[in-house]
>>> print(open('upload.pdb').read())   # PDB, C-alpha atoms, pLDDT in the B column
ATOM      1  CA  MET A   1     -22.316  -4.810  -3.188  1.00 59.00           C
ATOM      2  CA  GLN A   2     -24.880  -2.279  -4.234  1.00 62.00           C
ATOM      3  CA  ARG A   3     -26.677  -4.809  -6.433  1.00 66.00           C
ATOM      4  CA  ARG A   4     -26.901  -7.228  -3.493  1.00 76.00           C
ATOM      5  CA  ASP A   5     -25.484 -10.050  -5.638  1.00 85.00           C
ATOM      6  CA  ILE A   6     -23.662 -11.812  -2.806  1.00 91.00           C
ATOM      7  CA  GLU A   7     -22.267 -14.642  -4.941  1.00 94.00           C
ATOM      8  CA  ALA A   8     -20.770 -12.290  -7.530  1.00 94.00           C
ATOM      9  CA  LYS A   9     -19.376 -10.039  -4.787  1.00 95.00           C
ATOM     10  CA  CYS A  10     -17.691 -12.974  -3.055  1.00 96.00           C
ATOM     11  CA  LYS A  11     -16.192 -14.246  -6.309  1.00 97.00           C
ATOM     12  CA  ALA A  12     -14.871 -10.823  -7.308  1.00 97.00           C
ATOM     13  CA  ILE A  13     -13.315 -10.047  -3.940  1.00 97.00           C
ATOM     14  CA  THR A  14     -11.863 -13.554  -3.621  1.00 97.00           C
ATOM     15  CA  ARG A  15     -10.294 -13.123  -7.048  1.00 98.00           C
ATOM     16  CA  ALA A  16      -8.826  -9.778  -5.983  1.00 97.00           C
ATOM     17  CA  VAL A  17      -7.357 -11.331  -2.828  1.00 98.00           C
ATOM     18  CA  ARG A  18      -5.773 -14.112  -4.893  1.00 98.00           C
ATOM     19  CA  ILE A  19      -4.266 -11.589  -7.310  1.00 97.00           C
ATOM     20  CA  VAL A  20      -2.760  -9.657  -4.412  1.00 97.00           C
ATOM     21  CA  ASP A  21      -1.536 -12.732  -2.485  1.00 96.00           C
ATOM     22  CA  GLU A  22      -0.629 -15.192  -5.221  1.00 97.00           C
ATOM     23  CA  GLY A  23       0.413 -12.687  -7.852  1.00 96.00           C
ATOM     24  CA  LEU A  24       1.770  -9.464  -6.443  1.00 96.00           C
ATOM     25  CA  LYS A  25       2.953 -10.598  -3.006  1.00 97.00           C
ATOM     26  CA  ALA A  26       4.261 -13.963  -4.192  1.00 96.00           C
ATOM     27  CA  SER A  27       6.345 -12.320  -6.920  1.00 96.00           C
ATOM     28  CA  LEU A  28       8.327 -10.190  -4.486  1.00 97.00           C
ATOM     29  CA  ASP A  29      11.988 -11.080  -4.059  1.00 96.00           C
ATOM     30  CA  PRO A  30      12.680 -11.783  -0.362  1.00 92.00           C
ATOM     31  CA  ALA A  31      16.173 -10.397  -0.907  1.00 95.00           C
ATOM     32  CA  GLY A  32      14.683  -7.213  -2.357  1.00 94.00           C
ATOM     33  CA  GLY A  33      15.402  -5.163   0.710  1.00 96.00           C
ATOM     34  CA  GLU A  34      13.247  -2.456   2.182  1.00 97.00           C
ATOM     35  CA  LEU A  35      11.141  -1.894  -0.935  1.00 95.00           C
ATOM     36  CA  SER A  36      10.211  -5.556  -1.147  1.00 96.00           C
ATOM     37  CA  ALA A  37       9.416  -5.685   2.575  1.00 96.00           C
ATOM     38  CA  ASN A  38       7.251  -2.565   2.361  1.00 96.00           C
ATOM     39  CA  LEU A  39       5.349  -3.860  -0.656  1.00 97.00           C
ATOM     40  CA  GLY A  40       4.875  -7.209   1.105  1.00 97.00           C
ATOM     41  CA  ALA A  41       3.398  -5.449   4.119  1.00 97.00           C
ATOM     42  CA  LEU A  42       1.150  -3.333   1.884  1.00 98.00           C
ATOM     43  CA  TYR A  43      -0.098  -6.373  -0.028  1.00 98.00           C
ATOM     44  CA  ALA A  44      -0.782  -8.256   3.223  1.00 98.00           C
ATOM     45  CA  TYR A  45      -2.748  -5.277   4.531  1.00 98.00           C
ATOM     46  CA  ILE A  46      -4.744  -4.965   1.317  1.00 98.00           C
ATOM     47  CA  ALA A  47      -5.570  -8.690   1.303  1.00 98.00           C
ATOM     48  CA  MET A  48      -6.751  -8.404   4.907  1.00 98.00           C
ATOM     49  CA  ARG A  49      -8.902  -5.346   4.148  1.00 98.00           C
ATOM     50  CA  LEU A  50     -10.417  -7.023   1.080  1.00 98.00           C
ATOM     51  CA  THR A  51     -11.336 -10.023   3.199  1.00 98.00           C
ATOM     52  CA  GLU A  52     -12.875  -7.760   5.832  1.00 98.00           C
ATOM     53  CA  ALA A  53     -14.808  -5.915   3.131  1.00 97.00           C
ATOM     54  CA  ASN A  54     -16.156  -9.215   1.875  1.00 96.00           C
ATOM     55  CA  LEU A  55     -17.173 -10.436   5.326  1.00 96.00           C
ATOM     56  CA  ASN A  56     -18.759  -7.136   6.382  1.00 95.00           C
ATOM     57  CA  ASN A  57     -20.151  -5.937   3.040  1.00 94.00           C
ATOM     58  CA  ASP A  58     -18.114  -2.779   3.522  1.00 96.00           C
ATOM     59  CA  ALA A  59     -17.659  -0.700   0.380  1.00 95.00           C
ATOM     60  CA  ALA A  60     -15.473   1.805   2.268  1.00 97.00           C
ATOM     61  CA  ARG A  61     -12.814  -0.879   2.769  1.00 98.00           C
ATOM     62  CA  LEU A  62     -12.876  -1.646  -0.941  1.00 97.00           C
ATOM     63  CA  ASP A  63     -12.430   2.051  -1.673  1.00 98.00           C
ATOM     64  CA  GLU A  64      -9.473   2.134   0.716  1.00 98.00           C
ATOM     65  CA  CYS A  65      -7.823  -0.747  -1.147  1.00 98.00           C
ATOM     66  CA  LEU A  66      -8.370   1.018  -4.433  1.00 97.00           C
ATOM     67  CA  ARG A  67      -6.810   4.237  -3.092  1.00 98.00           C
ATOM     68  CA  LEU A  68      -3.796   2.294  -1.814  1.00 98.00           C
ATOM     69  CA  MET A  69      -3.242   0.424  -5.077  1.00 97.00           C
ATOM     70  CA  GLN A  70      -3.814   3.356  -7.446  1.00 98.00           C
ATOM     71  CA  PRO A  71      -0.306   4.875  -7.081  1.00 96.00           C
ATOM     72  CA  LEU A  72       1.286   1.487  -7.826  1.00 95.00           C
ATOM     73  CA  ARG A  73      -0.924   1.014 -10.865  1.00 94.00           C
ATOM     74  CA  SER A  74      -0.034   4.479 -12.121  1.00 95.00           C
ATOM     75  CA  ALA A  75       3.670   3.769 -11.663  1.00 93.00           C
ATOM     76  CA  TRP A  76       3.443   0.535 -13.661  1.00 90.00           C
ATOM     77  CA  LEU A  77       1.528   2.304 -16.429  1.00 93.00           C
ATOM     78  CA  GLU A  78       4.320   4.872 -16.608  1.00 92.00           C
ATOM     79  CA  ILE A  79       6.997   2.167 -16.771  1.00 91.00           C
ATOM     80  CA  ALA A  80       5.363   0.111 -19.525  1.00 79.00           C
ATOM     81  CA  PRO A  81       5.837   2.577 -22.423  1.00 77.00           C
ATOM     82  CA  ARG A  82       9.426   3.254 -21.398  1.00 77.00           C
ATOM     83  CA  ALA A  83      10.228  -0.455 -21.207  1.00 76.00           C
ATOM     84  CA  SER A  84       8.673  -1.013 -24.639  1.00 77.00           C
ATOM     85  CA  ALA A  85      10.644   1.873 -26.143  1.00 79.00           C
ATOM     86  CA  GLY A  86      13.893   0.489 -24.781  1.00 73.00           C
ATOM     87  CA  ALA A  87      13.226  -3.112 -25.867  1.00 66.00           C
ATOM     88  CA  ASP A  88      15.726  -4.704 -28.235  1.00 61.00           C
ATOM     89  CA  PRO A  89      13.913  -5.337 -31.559  1.00 55.00           C
ATOM     90  CA  THR A  90      16.158  -8.277 -32.506  1.00 53.00           C
TER      91      THR A  90
END
>>> encode(input="upload.pdb", output="C-alpha coordinates")
Amino acid sequence: MQRRDIEAKCKAITRAVRIVDEGLKASLDPAGGELSANLGALYAYIAMRLTEANLNNDAARLDECLRLMQPLRSAWLEIAPRASAGADPT
(Lines of atoms letter the chains of each structure in order from A and count residues from 1; the text may use other names and numbers.)
(Lines give C-alpha, C1' and ligand atoms only; values in the text may rest on other atoms or scores of the structure.)
Protein backbone atom coordinates (compact mmCIF):
# COMPACT_ATOMS: atom_id res chain seq x y z
CA MET A 1 0.00 0.00 0.00
CA GLN A 2 2.80 2.35 0.83
CA ARG A 3 4.31 2.00 -2.65
CA ARG A 4 0.94 2.89 -4.21
CA ASP A 5 1.14 -0.16 -6.49
CA ILE A 6 -2.61 -0.81 -6.60
CA GLU A 7 -2.42 -3.84 -8.90
CA ALA A 8 0.16 -5.62 -6.75
CA LYS A 9 -1.76 -4.76 -3.58
CA CYS A 10 -4.99 -6.18 -5.00
CA LYS A 11 -3.28 -9.37 -6.14
CA ALA A 12 -1.55 -9.92 -2.80
CA ILE A 13 -4.65 -9.32 -0.70
CA THR A 14 -6.83 -11.41 -3.03
CA ARG A 15 -4.32 -14.23 -2.70
CA ALA A 16 -4.42 -13.92 1.09
CA VAL A 17 -8.23 -14.05 1.08
CA ARG A 18 -8.15 -17.19 -1.07
CA ILE A 19 -5.65 -18.85 1.27
CA VAL A 20 -7.88 -18.09 4.24
CA ASP A 21 -11.16 -19.08 2.54
CA GLU A 22 -10.14 -21.89 0.21
CA GLY A 23 -7.30 -23.28 2.28
CA LEU A 24 -7.70 -22.74 5.99
CA LYS A 25 -11.48 -22.38 6.28
CA ALA A 26 -12.28 -25.04 3.68
CA SER A 27 -10.06 -27.58 5.45
CA LEU A 28 -11.99 -27.39 8.71
CA ASP A 29 -14.01 -30.45 9.66
CA PRO A 30 -17.67 -29.43 10.16
CA ALA A 31 -17.91 -32.14 12.80
CA GLY A 32 -14.89 -30.67 14.59
CA GLY A 33 -16.93 -29.16 17.35
CA GLU A 34 -16.34 -25.86 19.06
CA LEU A 35 -12.72 -25.48 17.94
CA SER A 36 -13.66 -25.92 14.30
CA ALA A 37 -16.57 -23.49 14.64
CA ASN A 38 -14.39 -20.89 16.34
CA LEU A 39 -11.66 -21.18 13.71
CA GLY A 40 -14.31 -20.94 10.97
CA ALA A 41 -15.63 -17.73 12.49
CA LEU A 42 -12.10 -16.34 12.85
CA TYR A 43 -11.24 -17.16 9.23
CA ALA A 44 -14.49 -15.58 8.00
CA TYR A 45 -13.72 -12.44 9.99
CA ILE A 46 -10.16 -12.27 8.68
CA ALA A 47 -11.32 -12.72 5.07
CA MET A 48 -13.84 -9.91 5.58
CA ARG A 49 -11.22 -7.60 7.11
CA LEU A 50 -8.74 -8.35 4.31
CA THR A 51 -11.39 -7.46 1.75
CA GLU A 52 -12.18 -4.24 3.61
CA ALA A 53 -8.47 -3.42 3.76
CA ASN A 54 -8.23 -3.91 0.02
CA LEU A 55 -11.27 -1.76 -0.74
CA ASN A 56 -10.29 1.04 1.64
CA ASN A 57 -6.49 0.92 1.34
CA ASP A 58 -6.38 0.43 5.09
CA ALA A 59 -3.06 -0.85 6.42
CA ALA A 60 -4.45 -0.98 9.98
CA ARG A 61 -6.89 -3.72 8.94
CA LEU A 62 -4.03 -5.70 7.44
CA ASP A 63 -2.11 -5.32 10.70
CA GLU A 64 -5.15 -6.56 12.60
CA CYS A 65 -5.31 -9.68 10.43
CA LEU A 66 -1.63 -10.30 11.01
CA ARG A 67 -2.05 -9.97 14.79
CA LEU A 68 -4.98 -12.40 14.72
CA MET A 69 -3.16 -15.00 12.64
CA GLN A 70 0.21 -14.81 14.42
CA PRO A 71 -0.75 -17.05 17.38
CA LEU A 72 -2.03 -19.74 14.98
CA ARG A 73 1.14 -19.55 12.93
CA SER A 74 3.26 -19.85 16.06
CA ALA A 75 1.26 -22.88 17.20
CA TRP A 76 1.76 -24.63 13.85
CA LEU A 77 5.48 -23.88 13.93
CA GLU A 78 5.65 -25.49 17.37
CA ILE A 79 3.76 -28.57 16.18
CA ALA A 80 5.86 -29.19 13.07
CA PRO A 81 9.12 -30.25 14.79
CA ARG A 82 7.24 -32.49 17.20
CA ALA A 83 5.32 -34.17 14.38
CA SER A 84 8.56 -34.73 12.46
CA ALA A 85 10.27 -36.22 15.52
CA GLY A 86 7.41 -38.64 16.06
CA ALA A 87 7.14 -39.69 12.40
CA ASP A 88 7.62 -43.38 11.62
CA PRO A 89 10.83 -43.70 9.54
CA THR A 90 9.67 -46.88 7.78
>>> closest_residue(input="upload.pdb", among="A:Ala26, A:Ser74, A:Asn57, A:Leu66", to="Asp5 in chain A", atoms="all atoms listed in the file")
A:Asn57
>>> atom_distance(input="upload.pdb", atom1="CA of Leu50 in chain A", atom2="CA of Glu22 in chain A")
14.2 Å
>>> closest_residue(input="upload.pdb", among="A:Met48, A:Ile19, A:Leu39, A:Ile79", to="Glu64 in chain A", atoms="all atoms listed in the file")
A:Met48
>>> atom_distance(input="upload.pdb", atom1="CA of Ile46 in chain A", atom2="CA of Val17 in chain A")
8.0 Å
>>> closest_residue(input="upload.pdb", among="A:Ala16, A:Cys65, A:Leu24, A:Ala59", to="Ser36 in chain A", atoms="all atoms listed in the file")
A:Leu24
>>> atom_distance(input="upload.pdb", atom1="CA of Ala47 in chain A", atom2="CA of Gly23 in chain A")
11.6 Å
>>> closest_residue(input="upload.pdb", among="A:Asp58, A:Leu42, A:Ala53, A:Asp21", to="Leu72 in chain A", atoms="all atoms listed in the file")
A:Leu42
>>> closest_residue(input="upload.pdb", among="A:Arg67, A:Ala41, A:Asn56, A:Arg18", to="Ile6 in chain A", atoms="only C-alpha atoms")
A:Asn56
>>> axis_aligned_box(input="upload.pdb", around="range 58-63 of chain A", padding_each_side="4 Å", output="AutoDock Vina command-line options")
--center_x -15.3 --center_y -0.4 --center_z 0.9 --size_x 13.7 --size_y 12.8 --size_z 13.2
>>> closest_residue(input="upload.pdb", among="A:Ile13, A:Leu28, A:Ala83, A:Val20", to="Arg61 in chain A", atoms="only C-alpha atoms")
A:Ile13
>>> residues_around(input="upload.pdb", residues="Lys25 in chain A", least_positions_apart="6", cutoff="8 Å", atoms="all atoms listed in the file", output="PyMOL selection string")
chain A and resi 39-40+43-44
>>> build_atoms(input="upload.pdb", residues="range 23-59 of chain A", atoms="N, CA and C atoms", output="mmCIF file, keeping the file's coordinate frame")
data_model
loop_
_atom_site.group_PDB
_atom_site.id
_atom_site.type_symbol
_atom_site.label_atom_id
_atom_site.label_comp_id
_atom_site.auth_asym_id
_atom_site.auth_seq_id
_atom_site.Cartn_x
_atom_site.Cartn_y
_atom_site.Cartn_z
ATOM 1 N N GLY A 23 -0.252 -13.357 -6.739
ATOM 2 C CA GLY A 23 0.413 -12.687 -7.852
ATOM 3 C C GLY A 23 1.420 -11.664 -7.369
ATOM 4 N N LEU A 24 0.902 -10.581 -6.834
ATOM 5 C CA LEU A 24 1.770 -9.464 -6.443
ATOM 6 C C LEU A 24 2.707 -9.825 -5.286
ATOM 7 N N LYS A 25 2.137 -10.305 -4.187
ATOM 8 C CA LYS A 25 2.953 -10.598 -3.006
ATOM 9 C C LYS A 25 3.909 -11.759 -3.255
ATOM 10 N N ALA A 26 3.433 -12.790 -3.930
ATOM 11 C CA ALA A 26 4.261 -13.963 -4.192
ATOM 12 C C ALA A 26 5.422 -13.668 -5.137
ATOM 13 N N SER A 27 5.290 -12.622 -5.953
ATOM 14 C CA SER A 27 6.345 -12.320 -6.920
ATOM 15 C C SER A 27 7.465 -11.461 -6.331
ATOM 16 N N LEU A 28 7.287 -11.019 -5.107
ATOM 17 C CA LEU A 28 8.327 -10.190 -4.486
ATOM 18 C C LEU A 28 9.563 -11.019 -4.174
ATOM 19 N N ASP A 29 10.714 -10.428 -4.371
ATOM 20 C CA ASP A 29 11.988 -11.080 -4.059
ATOM 21 C C ASP A 29 12.283 -10.869 -2.578
ATOM 22 N N PRO A 30 12.396 -11.944 -1.794
ATOM 23 C CA PRO A 30 12.680 -11.783 -0.362
ATOM 24 C C PRO A 30 13.989 -11.045 -0.097
ATOM 25 N N ALA A 31 14.901 -11.095 -1.050
ATOM 26 C CA ALA A 31 16.173 -10.397 -0.907
ATOM 27 C C ALA A 31 16.087 -8.977 -1.467
ATOM 28 N N GLY A 32 14.885 -8.513 -1.728
ATOM 29 C CA GLY A 32 14.683 -7.213 -2.357
ATOM 30 C C GLY A 32 14.818 -6.023 -1.435
ATOM 31 N N GLY A 33 15.152 -6.263 -0.208
ATOM 32 C CA GLY A 33 15.402 -5.163 0.710
ATOM 33 C C GLY A 33 14.151 -4.487 1.208
ATOM 34 N N GLU A 34 14.309 -3.221 1.551
ATOM 35 C CA GLU A 34 13.247 -2.456 2.182
ATOM 36 C C GLU A 34 12.030 -2.299 1.269
ATOM 37 N N LEU A 35 12.260 -2.062 -0.004
ATOM 38 C CA LEU A 35 11.141 -1.894 -0.935
ATOM 39 C C LEU A 35 10.286 -3.154 -0.977
ATOM 40 N N SER A 36 10.934 -4.291 -1.108
ATOM 41 C CA SER A 36 10.211 -5.556 -1.147
ATOM 42 C C SER A 36 9.452 -5.805 0.154
ATOM 43 N N ALA A 37 10.070 -5.509 1.271
ATOM 44 C CA ALA A 37 9.416 -5.685 2.575
ATOM 45 C C ALA A 37 8.211 -4.765 2.711
ATOM 46 N N ASN A 38 8.355 -3.518 2.281
ATOM 47 C CA ASN A 38 7.251 -2.565 2.361
ATOM 48 C C ASN A 38 6.084 -2.970 1.461
ATOM 49 N N LEU A 39 6.410 -3.403 0.247
ATOM 50 C CA LEU A 39 5.349 -3.860 -0.656
ATOM 51 C C LEU A 39 4.664 -5.106 -0.090
ATOM 52 N N GLY A 40 5.445 -6.010 0.495
ATOM 53 C CA GLY A 40 4.875 -7.209 1.105
ATOM 54 C C GLY A 40 3.896 -6.853 2.211
ATOM 55 N N ALA A 41 4.276 -5.889 3.033
ATOM 56 C CA ALA A 41 3.398 -5.449 4.119
ATOM 57 C C ALA A 41 2.135 -4.781 3.550
ATOM 58 N N LEU A 42 2.304 -3.983 2.516
ATOM 59 C CA LEU A 42 1.150 -3.333 1.884
ATOM 60 C C LEU A 42 0.199 -4.371 1.296
ATOM 61 N N TYR A 43 0.742 -5.344 0.586
ATOM 62 C CA TYR A 43 -0.098 -6.373 -0.028
ATOM 63 C C TYR A 43 -0.815 -7.206 1.034
ATOM 64 N N ALA A 44 -0.144 -7.506 2.130
ATOM 65 C CA ALA A 44 -0.782 -8.256 3.223
ATOM 66 C C ALA A 44 -1.927 -7.444 3.811
ATOM 67 N N TYR A 45 -1.705 -6.157 3.987
ATOM 68 C CA TYR A 45 -2.748 -5.277 4.531
ATOM 69 C C TYR A 45 -3.936 -5.212 3.581
ATOM 70 N N ILE A 46 -3.665 -5.060 2.300
ATOM 71 C CA ILE A 46 -4.744 -4.965 1.317
ATOM 72 C C ILE A 46 -5.536 -6.269 1.270
ATOM 73 N N ALA A 47 -4.859 -7.410 1.305
ATOM 74 C CA ALA A 47 -5.570 -8.690 1.303
ATOM 75 C C ALA A 47 -6.463 -8.809 2.537
ATOM 76 N N MET A 48 -5.964 -8.368 3.685
ATOM 77 C CA MET A 48 -6.751 -8.404 4.907
ATOM 78 C C MET A 48 -7.983 -7.503 4.788
ATOM 79 N N ARG A 49 -7.787 -6.290 4.285
ATOM 80 C CA ARG A 49 -8.902 -5.346 4.148
ATOM 81 C C ARG A 49 -9.930 -5.834 3.130
ATOM 82 N N LEU A 50 -9.480 -6.459 2.056
ATOM 83 C CA LEU A 50 -10.417 -7.023 1.080
ATOM 84 C C LEU A 50 -11.260 -8.121 1.723
ATOM 85 N N THR A 51 -10.616 -8.952 2.508
ATOM 86 C CA THR A 51 -11.336 -10.023 3.199
ATOM 87 C C THR A 51 -12.350 -9.440 4.177
ATOM 88 N N GLU A 52 -11.951 -8.423 4.909
ATOM 89 C CA GLU A 52 -12.875 -7.760 5.832
ATOM 90 C C GLU A 52 -14.050 -7.128 5.079
ATOM 91 N N ALA A 53 -13.747 -6.522 3.941
ATOM 92 C CA ALA A 53 -14.808 -5.915 3.131
ATOM 93 C C ALA A 53 -15.807 -6.973 2.680
ATOM 94 N N ASN A 54 -15.290 -8.125 2.306
ATOM 95 C CA ASN A 54 -16.156 -9.215 1.875
ATOM 96 C C ASN A 54 -17.031 -9.705 3.023
ATOM 97 N N LEU A 55 -16.430 -9.914 4.171
ATOM 98 C CA LEU A 55 -17.173 -10.436 5.326
ATOM 99 C C LEU A 55 -18.223 -9.452 5.850
ATOM 100 N N ASN A 56 -17.900 -8.164 5.790
ATOM 101 C CA ASN A 56 -18.759 -7.136 6.382
ATOM 102 C C ASN A 56 -19.560 -6.328 5.371
ATOM 103 N N ASN A 57 -19.476 -6.707 4.097
ATOM 104 C CA ASN A 57 -20.151 -5.937 3.040
ATOM 105 C C ASN A 57 -19.839 -4.452 3.164
ATOM 106 N N ASP A 58 -18.572 -4.142 3.243
ATOM 107 C CA ASP A 58 -18.114 -2.779 3.522
ATOM 108 C C ASP A 58 -17.450 -2.169 2.285
ATOM 109 N N ALA A 59 -18.179 -1.348 1.582
ATOM 110 C CA ALA A 59 -17.659 -0.700 0.380
ATOM 111 C C ALA A 59 -16.529 0.271 0.700
#
